[in-house]
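Containing mmCIF, C-alpha atoms: my_file_3.cif.
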data_structure
#
loop_
_atom_site.label_atom_id
_atom_site.label_comp_id
_atom_site.auth_asym_id
_atom_site.auth_seq_id
_atom_site.Cartn_x
_atom_site.Cartn_y
_atom_site.Cartn_z
CA MET A 180 283.74 178.48 304.11
CA ALA A 181 283.16 174.90 305.27
CA LYS A 182 283.52 172.20 302.65
CA VAL A 183 280.25 170.86 301.29
CA PHE A 184 280.12 167.07 301.01
CA GLU A 185 277.63 166.43 298.23
CA ALA A 186 277.20 164.46 295.01
CA THR A 187 274.67 164.70 292.19
CA VAL A 188 274.19 161.95 289.62
CA THR A 189 271.73 160.82 287.00
CA ALA A 190 270.93 157.17 286.37
CA PRO A 191 269.12 155.56 283.45
CA VAL A 192 266.02 153.49 282.93
CA ASN A 193 266.57 149.96 281.70
CA ILE A 194 263.98 147.86 279.91
CA ALA A 195 264.40 144.11 280.19
CA VAL A 196 264.27 141.93 277.08
CA ILE A 197 264.62 138.80 279.23
CA LYS A 198 262.40 139.47 282.22
CA TYR A 199 263.17 139.27 285.93
CA TRP A 200 260.15 137.95 287.83
CA GLY A 201 260.38 136.06 291.10
CA LYS A 202 262.78 135.91 294.04
CA ARG A 203 264.54 132.99 295.70
CA ASP A 204 265.34 135.27 298.64
CA ALA A 205 263.02 138.23 299.22
CA ALA A 206 265.17 139.90 301.89
CA LEU A 207 268.34 139.99 299.76
CA ILE A 208 266.37 140.34 296.49
CA LEU A 209 267.97 137.31 294.88
CA PRO A 210 266.18 136.42 291.64
CA THR A 211 264.96 133.02 290.56
CA ASN A 212 266.43 133.59 287.10
CA SER A 213 268.96 135.75 285.31
CA SER A 214 267.71 138.63 283.15
CA LEU A 215 268.98 140.95 280.43
CA SER A 216 268.12 144.53 279.62
CA VAL A 217 268.80 147.49 277.36
CA THR A 218 269.79 150.73 279.04
CA LEU A 219 267.94 153.71 277.54
CA SER A 220 269.37 157.18 277.02
CA GLN A 221 269.35 159.50 280.00
CA ASP A 222 268.71 162.39 277.64
CA HIS A 223 265.10 161.22 277.58
CA LEU A 224 264.55 159.02 280.68
CA SER A 225 266.49 159.40 283.89
CA THR A 226 266.45 159.95 287.63
CA ARG A 227 268.58 162.75 289.08
CA THR A 228 269.61 162.44 292.73
CA THR A 229 271.56 164.77 294.98
CA ILE A 230 272.85 163.60 298.36
CA ARG A 231 274.53 165.82 300.94
CA ALA A 232 276.13 164.70 304.19
CA ALA A 233 276.54 167.16 307.03
CA PRO A 234 277.20 166.86 310.78
CA GLU A 235 274.41 169.33 311.52
CA PHE A 236 271.75 167.18 309.85
CA THR A 237 269.81 165.54 312.66
CA GLY A 238 268.86 162.49 310.59
CA ASP A 239 268.34 161.16 307.11
CA ARG A 240 265.65 162.81 304.98
CA LEU A 241 264.35 162.05 301.49
CA TRP A 242 262.42 164.12 298.97
CA LEU A 243 261.04 162.39 295.87
CA ASN A 244 259.74 164.62 293.09
CA GLY A 245 259.34 167.49 295.53
CA VAL A 246 257.49 165.57 298.26
CA GLU A 247 259.14 164.40 301.47
CA GLU A 248 258.93 160.63 301.94
CA SER A 249 259.58 158.52 305.03
CA ILE A 250 262.88 156.64 304.87
CA ALA A 251 261.90 154.60 307.91
CA ALA A 252 258.91 153.23 305.98
CA SER A 253 261.14 151.59 303.37
CA LYS A 254 263.28 148.68 304.52
CA ARG A 255 264.89 148.50 301.09
CA LEU A 256 265.92 152.13 301.20
CA ILE A 257 267.40 151.63 304.65
CA ASN A 258 269.27 148.54 303.42
CA SER A 259 270.88 150.39 300.50
CA ILE A 260 271.92 153.36 302.62
CA THR A 261 273.18 151.16 305.47
CA THR A 262 275.23 149.00 303.12
CA ALA A 263 276.87 152.04 301.52
CA ARG A 264 277.57 153.52 304.95
CA LYS A 265 279.35 150.32 306.02
CA LEU A 266 281.60 150.53 302.95
CA ARG A 267 282.40 154.18 303.78
CA ALA A 268 283.07 153.33 307.43
CA ALA A 269 285.65 150.76 306.33
CA LEU A 270 287.47 153.51 304.41
CA GLU A 271 287.36 155.85 307.38
CA GLN A 272 288.94 153.20 309.60
CA GLN A 273 291.86 153.00 307.18
CA ASP A 274 292.29 156.78 306.86
CA ALA A 275 292.33 158.86 310.03
CA ASP A 276 292.05 162.08 307.99
CA ALA A 277 288.88 161.03 306.19
CA ALA A 278 285.75 162.99 307.10
CA PRO A 279 283.37 160.78 309.14
CA LEU A 280 280.64 160.90 306.51
CA SER A 281 279.31 157.50 307.54
CA THR A 282 278.16 159.02 310.85
CA TRP A 283 276.56 162.17 309.46
CA GLY A 284 272.94 162.71 308.46
CA LEU A 285 272.00 162.64 304.79
CA HIS A 286 269.64 164.82 302.80
CA ILE A 287 268.55 163.00 299.64
CA CYS A 288 266.62 164.70 296.87
CA SER A 289 265.52 162.78 293.79
CA GLU A 290 263.54 163.71 290.69
CA ASN A 291 262.35 161.65 287.71
CA ASN A 292 261.68 163.10 284.28
CA PHE A 293 259.06 160.38 283.64
CA PRO A 294 256.03 158.91 285.48
CA THR A 295 256.85 157.09 288.71
CA ALA A 296 255.58 153.52 289.30
CA ALA A 297 253.76 153.27 285.98
CA GLY A 298 255.68 150.48 284.31
CA LEU A 299 258.67 152.61 283.27
CA ALA A 300 261.24 151.14 285.66
CA SER A 301 261.26 154.16 287.98
CA SER A 302 262.49 152.13 290.95
CA ALA A 303 265.43 150.84 288.88
CA SER A 304 266.72 154.26 287.89
CA GLY A 305 265.87 155.62 291.34
CA TYR A 306 267.93 153.11 293.32
CA ALA A 307 270.74 153.18 290.74
CA ALA A 308 270.89 156.96 291.14
CA LEU A 309 270.82 156.64 294.94
CA VAL A 310 273.66 154.12 295.06
CA SER A 311 275.71 155.94 292.43
CA ALA A 312 275.35 159.19 294.37
CA LEU A 313 276.31 157.45 297.62
CA GLY A 314 279.31 155.92 295.86
CA ALA A 315 280.43 159.33 294.59
CA LEU A 316 279.76 161.09 297.91
CA PHE A 317 281.53 158.43 299.97
CA GLU A 318 284.32 158.03 297.37
CA LEU A 319 283.83 154.28 297.35
CA PRO A 320 286.45 152.30 295.39
CA GLN A 321 284.12 149.42 294.54
CA SER A 322 283.47 148.53 290.89
CA ALA A 323 280.13 149.09 289.16
CA SER A 324 279.37 145.37 289.50
CA ASP A 325 280.16 145.55 293.23
CA LEU A 326 277.90 148.58 293.65
CA SER A 327 275.21 146.85 291.60
CA ARG A 328 274.79 144.45 294.54
CA VAL A 329 274.11 147.46 296.78
CA ALA A 330 271.51 148.75 294.30
CA ARG A 331 270.00 145.26 294.08
CA VAL A 332 268.99 145.23 297.76
CA GLY A 333 266.95 148.35 297.04
CA SER A 334 265.32 147.25 293.80
CA GLY A 335 266.33 144.13 291.93
CA SER A 336 266.31 145.61 288.44
CA ALA A 337 268.25 148.65 289.70
CA CYS A 338 271.44 146.63 289.49
CA ARG A 339 271.09 146.64 285.69
CA SER A 340 270.87 150.46 285.62
CA MET A 341 274.41 150.66 287.01
CA PHE A 342 275.70 150.12 283.46
CA GLY A 343 274.98 151.46 280.02
CA GLY A 344 274.42 149.46 276.87
CA PHE A 345 273.26 145.86 277.24
CA VAL A 346 273.33 144.43 280.74
CA ALA A 347 272.86 140.99 282.29
CA TRP A 348 271.82 140.47 285.88
CA GLN A 349 273.43 137.20 286.86
CA ALA A 350 271.08 135.37 289.23
CA GLY A 351 273.92 133.68 291.12
CA ILE A 352 273.70 130.64 293.35
CA SER A 353 275.24 131.81 296.65
CA ASP A 354 272.89 132.15 299.61
CA ASP A 355 274.51 135.45 300.63
CA GLY A 356 273.97 137.05 297.19
CA SER A 357 277.67 137.71 296.62
CA ASP A 358 277.45 136.44 293.04
CA SER A 359 274.10 138.02 292.16
CA GLN A 360 275.19 141.12 290.30
CA ALA A 361 275.04 143.02 287.02
CA VAL A 362 277.62 142.79 284.26
CA GLN A 363 277.79 144.64 280.97
CA VAL A 364 277.23 142.39 277.95
CA ALA A 365 278.00 145.13 275.40
CA ASP A 366 278.41 148.90 275.61
CA ARG A 367 276.15 151.45 273.95
CA GLN A 368 278.53 151.88 271.01
CA HIS A 369 278.26 148.20 270.09
CA TRP A 370 274.84 148.65 268.44
CA PRO A 371 274.21 152.39 268.02
CA GLU A 372 271.52 151.83 265.38
CA LEU A 373 269.13 150.32 267.94
CA GLN A 374 266.40 152.70 269.08
CA ALA A 375 263.33 152.49 271.30
CA LEU A 376 259.91 154.08 271.27
CA VAL A 377 258.10 154.17 274.61
CA LEU A 378 254.31 154.39 274.39
CA VAL A 379 252.96 155.73 277.67
CA VAL A 380 249.54 154.14 277.85
CA SER A 381 249.05 155.09 281.49
CA ASP A 382 251.01 157.25 283.91
CA GLN A 383 248.91 156.11 286.86
CA LYS A 384 250.41 153.98 289.61
CA LYS A 385 249.79 150.30 288.91
CA THR A 386 247.25 148.46 291.06
CA VAL A 387 249.48 145.41 291.76
CA SER A 388 253.09 146.26 292.59
CA SER A 389 255.91 144.19 291.11
CA THR A 390 256.96 143.04 294.58
CA ALA A 391 253.54 141.71 295.49
CA GLY A 392 252.84 140.32 292.04
CA MET A 393 255.99 138.30 291.62
CA GLN A 394 255.72 136.65 295.02
CA THR A 395 252.19 135.51 294.25
CA THR A 396 253.45 134.13 290.92
CA VAL A 397 256.22 132.16 292.62
CA ASP A 398 253.71 130.71 295.06
CA THR A 399 250.93 129.81 292.62
CA SER A 400 251.96 129.62 288.95
CA GLN A 401 252.67 126.20 287.48
CA LEU A 402 254.06 127.72 284.28
CA PHE A 403 256.61 129.74 286.26
CA ALA A 404 258.76 126.75 287.26
CA GLU A 405 259.23 125.66 283.64
CA ARG A 406 260.15 129.20 282.65
CA VAL A 407 262.86 129.37 285.31
CA ARG A 408 264.18 125.84 284.73
CA THR A 409 264.52 125.70 280.96
CA VAL A 410 263.19 128.69 279.02
CA VAL A 411 265.14 131.58 280.53
CA PRO A 412 268.59 129.91 280.46
CA GLN A 413 268.12 129.12 276.77
CA ARG A 414 266.90 132.60 275.99
CA MET A 415 269.73 134.29 277.91
CA GLU A 416 272.25 132.44 275.74
CA ALA A 417 270.35 133.14 272.52
CA MET A 418 269.86 136.82 273.37
CA GLN A 419 273.54 137.40 274.13
CA LYS A 420 274.38 135.80 270.77
CA ALA A 421 271.85 138.03 268.98
CA ILE A 422 273.33 141.13 270.62
CA ALA A 423 276.91 140.08 269.86
CA GLU A 424 276.00 139.53 266.20
CA ARG A 425 273.67 142.55 266.02
CA ASP A 426 271.00 140.21 264.68
CA PHE A 427 267.84 142.27 265.03
CA ALA A 428 265.44 139.58 263.80
CA ALA A 429 266.65 137.17 266.49
CA PHE A 430 266.74 139.95 269.11
CA ALA A 431 263.18 140.95 268.23
CA GLU A 432 261.66 137.48 268.30
CA ILE A 433 263.25 136.58 271.65
CA THR A 434 262.17 139.94 273.10
CA MET A 435 258.54 139.52 272.08
CA ARG A 436 258.33 135.87 273.07
CA ASP A 437 259.78 136.60 276.49
CA SER A 438 257.41 139.50 277.07
CA ASN A 439 254.47 137.31 276.05
CA GLN A 440 255.56 134.51 278.36
CA PHE A 441 256.10 136.87 281.27
CA HIS A 442 252.53 138.12 280.97
CA ALA A 443 251.24 134.57 280.46
CA VAL A 444 252.88 133.62 283.75
CA CYS A 445 251.18 136.61 285.37
CA LEU A 446 247.83 135.38 284.06
CA ASP A 447 248.66 131.87 285.33
CA THR A 448 249.13 133.37 288.80
CA TYR A 449 246.22 132.73 291.17
CA PRO A 450 244.41 135.03 291.43
CA PRO A 451 245.54 136.21 287.97
CA ILE A 452 247.47 139.44 287.44
CA SER A 453 246.88 141.48 284.30
CA TYR A 454 249.25 144.38 283.73
CA MET A 455 248.37 144.91 280.06
CA ASN A 456 245.11 146.52 278.95
CA ASP A 457 243.19 146.67 275.66
CA THR A 458 245.43 149.42 274.30
CA SER A 459 248.54 147.42 275.20
CA ARG A 460 247.24 144.39 273.36
CA ALA A 461 246.27 146.49 270.34
CA ILE A 462 249.81 147.89 270.14
CA ALA A 463 251.27 144.37 270.14
CA GLY A 464 248.92 143.39 267.33
CA ILE A 465 249.92 146.40 265.25
CA VAL A 466 253.61 145.56 265.70
CA HIS A 467 253.01 142.08 264.25
CA ALA A 468 250.97 143.61 261.41
CA PHE A 469 253.76 146.11 260.74
CA ASN A 470 256.31 143.32 260.44
CA SER A 471 254.03 141.56 257.97
CA ALA A 472 253.53 144.78 255.99
CA VAL A 473 257.26 145.38 255.54
CA GLY A 474 257.99 141.71 254.93
CA ARG A 475 260.47 141.13 257.77
CA VAL A 476 260.85 141.41 261.54
CA ALA A 477 261.56 145.12 261.83
CA ALA A 478 259.98 145.92 265.21
CA ALA A 479 259.68 144.26 268.61
CA TYR A 480 257.46 145.08 271.55
CA THR A 481 258.03 144.39 275.21
CA TYR A 482 255.98 145.14 278.32
CA ASP A 483 257.16 145.22 281.90
CA ALA A 484 254.76 145.07 284.84
CA GLY A 485 252.47 147.74 283.45
CA PRO A 486 250.49 148.67 280.32
CA ASN A 487 253.16 150.82 278.69
CA ALA A 488 254.80 149.46 275.56
CA VAL A 489 258.42 149.73 274.48
CA ILE A 490 259.05 149.13 270.79
CA TYR A 491 262.59 148.35 269.67
CA ALA A 492 263.66 148.92 266.08
CA LEU A 493 266.70 149.92 264.08
CA LYS A 494 267.08 153.59 263.23
CA ASP A 495 266.19 153.14 259.54
CA ASP A 496 262.83 151.56 260.46
CA MET A 497 261.89 153.79 263.37
CA ARG A 498 260.56 156.61 261.19
CA ASP A 499 257.88 154.31 259.74
CA ILE A 500 257.01 153.08 263.24
CA VAL A 501 256.68 156.57 264.70
CA GLU A 502 254.56 157.73 261.78
CA LEU A 503 252.29 154.70 262.10
CA PHE A 504 251.73 154.80 265.84
CA THR A 505 251.28 158.56 266.17
CA HIS A 506 248.66 158.25 263.42
CA CYS A 507 246.82 155.35 265.03
CA PHE A 508 246.99 156.87 268.52
CA PRO A 509 246.39 160.60 268.02
CA ARG A 510 247.24 163.42 270.38
CA PRO A 511 244.51 164.76 272.67
CA ASP A 512 243.83 168.46 272.24
CA ALA A 513 244.81 169.16 275.84
CA VAL A 514 248.32 167.77 275.38
CA LEU A 515 251.02 169.97 273.87
CA PRO A 516 252.66 168.60 270.70
CA GLU A 517 256.16 168.66 272.21
CA THR A 518 254.87 166.73 275.23
CA PHE A 519 253.09 164.15 273.10
CA TYR A 520 256.11 163.50 270.87
CA ALA A 521 259.26 165.54 271.47
CA ASN A 522 260.65 164.87 267.97
CA SER A 523 264.18 164.44 269.36
CA PHE A 524 265.32 162.62 266.22
CA ALA A 525 263.66 165.02 263.73
CA VAL A 526 261.22 162.44 262.36
CA PHE A 527 258.82 165.30 261.59
CA ASP A 528 259.50 168.86 260.50
CA THR A 529 257.86 170.07 263.72
CA PRO A 530 256.41 168.24 266.76
CA ASP A 531 252.83 169.22 265.79
CA ALA A 532 253.22 167.25 262.55
CA ALA A 533 253.22 163.93 264.45
CA GLY A 534 250.46 161.68 263.15
CA THR A 535 249.81 163.74 260.01
CA ARG A 536 251.81 161.74 257.47
CA ILE A 537 252.87 158.21 256.60
CA THR A 538 255.47 158.06 253.84
CA ASN A 539 255.70 154.28 253.30
CA PRO A 540 252.72 153.10 251.15
CA ASN A 541 252.63 149.66 252.77
CA VAL A 542 252.55 151.23 256.22
CA ALA A 543 249.90 153.73 255.10
CA GLN A 544 247.71 150.82 253.99
CA LEU A 545 248.22 149.16 257.37
CA ALA A 546 247.23 152.41 259.11
CA GLN A 547 243.94 152.42 257.20
CA THR A 548 243.25 148.84 258.30
CA ALA A 549 244.20 149.49 261.94
CA GLY A 550 242.20 152.70 262.11
CA LYS A 551 242.46 155.43 264.72
CA PHE A 552 242.04 154.83 268.43
CA PRO A 553 240.47 157.42 270.74
CA ALA A 554 242.75 160.39 271.35
CA GLY A 555 244.61 159.91 274.59
CA SER A 556 244.73 156.09 274.40
CA VAL A 557 248.48 156.68 274.27
CA ARG A 558 249.27 159.68 276.45
CA ARG A 559 252.68 160.37 274.96
CA PHE A 560 255.55 158.88 272.99
CA ILE A 561 259.18 158.90 274.10
CA HIS A 562 261.65 158.26 271.28
CA THR A 563 265.05 157.27 272.61
CA GLU A 564 268.09 155.08 272.01
CA VAL A 565 270.64 152.91 273.81
CA GLY A 566 272.31 154.95 276.55
CA ASP A 567 275.17 155.10 279.00
CA GLY A 568 275.38 154.31 282.71
CA PRO A 569 275.15 156.70 285.69
CA ARG A 570 276.66 160.15 285.23
CA VAL A 571 278.21 162.34 287.93
CA LEU A 572 277.05 165.94 287.46
CA PRO A 573 278.70 169.22 288.47
CA ALA A 574 277.65 171.04 291.64
CA SER A 575 275.64 173.51 289.53
CA GLN A 576 273.16 170.69 288.82
CA SER A 577 272.43 170.05 292.49
CA LEU A 578 268.80 169.62 293.57
CA LEU A 579 269.60 171.04 297.04
CA ASP A 580 270.04 174.68 298.02
CA ALA A 581 272.81 176.19 300.12
CA ALA A 582 271.09 175.01 303.32
CA GLY A 583 270.79 171.45 302.02
CA MET A 584 267.06 171.67 301.38
CA PRO A 585 265.23 170.89 298.12
CA LYS A 586 265.12 173.63 295.52
CA HIS A 587 261.78 172.35 294.24
CA VAL A 588 259.01 171.42 296.68
CA ARG A 589 255.42 170.44 295.96
CA GLU A 590 252.68 171.01 298.50
#
Please rewrite the model in this file as structure tokens.
Amino acid sequence: MAKVFEATVTAPVNIAVIKYWGKRDAALILPTNSSLSVTLSQDHLSTRTTIRAAPEFTGDRLWLNGVEESIAASKRLINSITTARKLRAALEQQDADAAPLSTWGLHICSENNFPTAAGLASSASGYAALVSALGALFELPQSASDLSRVARVGSGSACRSMFGGFVAWQAGISDDGSDSQAVQVADRQHWPELQALVLVVSDQKKTVSSTAGMQTTVDTSQLFAERVRTVVPQRMEAMQKAIAERDFAAFAEITMRDSNQFHAVCLDTYPPISYMNDTSRAIAGIVHAFNSAVGRVAAAYTYDAGPNAVIYALKDDMRDIVELFTHCFPRPDAVLPETFYANSFAVFDTPDAAGTRITNPNVAQLAQTAGKFPAGSVRRFIHTEVGDGPRVLPASQSLLDAAGMPKHVRE
């Protein structure tokens, strides 16, 4: 039986606490400022990608969530694949016995376990999974930071999903992008008590893409220049100190301030861009009220380019937060309890108990003041924690069948 050349990996979502917004070079995806993110657990949010190379494949093909997509229509996708192929070709030139994988067609199958293009960093995990799978398939010797530059030319924030834990994307200064890469600030074990609650306000594709939005901001926002020049460098230093010292109060304040400023810059764009909606703003208000109710900074919100909220908190405070928000934003009847809140950390006795109890009296009083929003205002909650970087999976987890075609196809 002929050897099958294939690799399957999963890659994580990362949520920035110091935001990336704006490019100094659009072609190479070189950012105007450095950024820093938290990698979330792949047990709850991930992209799985299988890539097979075979001489009989007549060209490169891609299936995303069961639907075939055009590779030719995406210059970024072509750039990532071409760059990885060049690295493989260099290996083949050095080893005459190496299979000529760089010249063979590729079948690429990718699936997300979360909504695509709805403010949950789907492009980041997607390109990180693509590049990690290419690296495994091509047996590339490059480091994760080296491969992060390959992921970066696909999607800027994807470079941060090449690591677990806490990750900085160094903006760099070189015109060729050779120093614009991701580095790990701290691994997942450094701060295991940190958890995240994702509130999926909308799983619809956003009306203004990140790519289009950030370029308009660079061209038109007067606030943006000040953010890049002074604010972000100071916050990068302060955030790394907060992470090193596991200082949640400092981490939380910087996170919320940077999210607020990012969205202020979007509103300062002309014409203005508004990614948050009324539900998003209500969630932010409740987080501030929660911190007041417990008498300290115990929760922090952040929003990427979309309406969905991510709330960071330490494990001991997350139970109160989950109880509060599942009460204020109840489950629609049409949504199954385990879909609405999977209860992965056993906050409730059963998933259908979400929203039915609040044990902290101060939080219960806050819930009465906040009231209940219409069912479905938050479509589901994803409770997760700090996670690891890309994982190589066994062949049994492949998304392709024996013929190299997707196992799951949607009409």
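Once only C-alpha atoms are considered, the residues situated within 8 Å of the file point (240.1, 161.7, 273.9) turn out to be Pro511, Asp512, Pro553, Ala554, Gly555 and Ser556 of chain A.
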Written file, previous selection with C-alpha atoms, as a PDB file, keeping the file's coordinate frame:
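Result file is selection-v1.pdb:
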ATOM      1  CA  PRO A 511     244.510 164.760 272.670  1.00  0.00           C
ATOM      2  CA  ASP A 512     243.830 168.460 272.240  1.00  0.00           C
ATOM      3  CA  PRO A 553     240.470 157.420 270.740  1.00  0.00           C
ATOM      4  CA  ALA A 554     242.750 160.390 271.350  1.00  0.00           C
ATOM      5  CA  GLY A 555     244.610 159.910 274.590  1.00  0.00           C
ATOM      6  CA  SER A 556     244.730 156.090 274.400  1.00  0.00           C
TER       7      SER A 556
END
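Minimum atom-to-atom distances from A:Glu590, A:Asp325, A:Glu271, A:Glu564 to A:Ser220 were compared using all atoms listed in the file, and the lowest value belongs to A:Glu564.
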If you apply the PyMOL selection byres ((chain A and resi 338-343) around 8) to this file, what residues do you get, as a ChimeraX atom specification?
/A:190-193,216-219,303-304,307,311,323-324,326-331,334-337,344-348,360-363,366-367,565-569
For A:Leu579, work out the shell of residues within 12 Å, counting all atoms listed in the file and skipping chain neighbours fewer than 2 positions away, then give it as a PyMOL selection string.
-> chain A and resi 183-187+227-232+241-242+245+285-290+574-577+581-588
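As for atom CA of A:Ala206 and atom CA of A:Thr282, they are spaced 24.8 Å apart.
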Counting all atoms listed in the file, closest pick from A:Asp531, A:Glu235, A:Glu502, A:Glu405 relative to A:Ala546 is A:Glu502
Correct to one decimal, the distance atom CA of A:Leu515-atom CA of A:Ala479 is 27.6 Å
Restricting to all atoms listed in the file, whichever of A:Ala488, A:Ala315, A:Val377, A:Leu402 is closest to A:Ala461 is A:Ala488
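When the PyMOL selection byres ((chain A and resi 392) around 10) is evaluated against the file, it yields Trp200, Gly201, Thr386, Val387, Ser388, Ser389, Thr390, Ala391, Met393, Gln394, Thr395, Thr396, Val397, Cys445, Thr448, Pro450, Pro451, Ile452, Ser453, Tyr454 and Ala484 of chain A.
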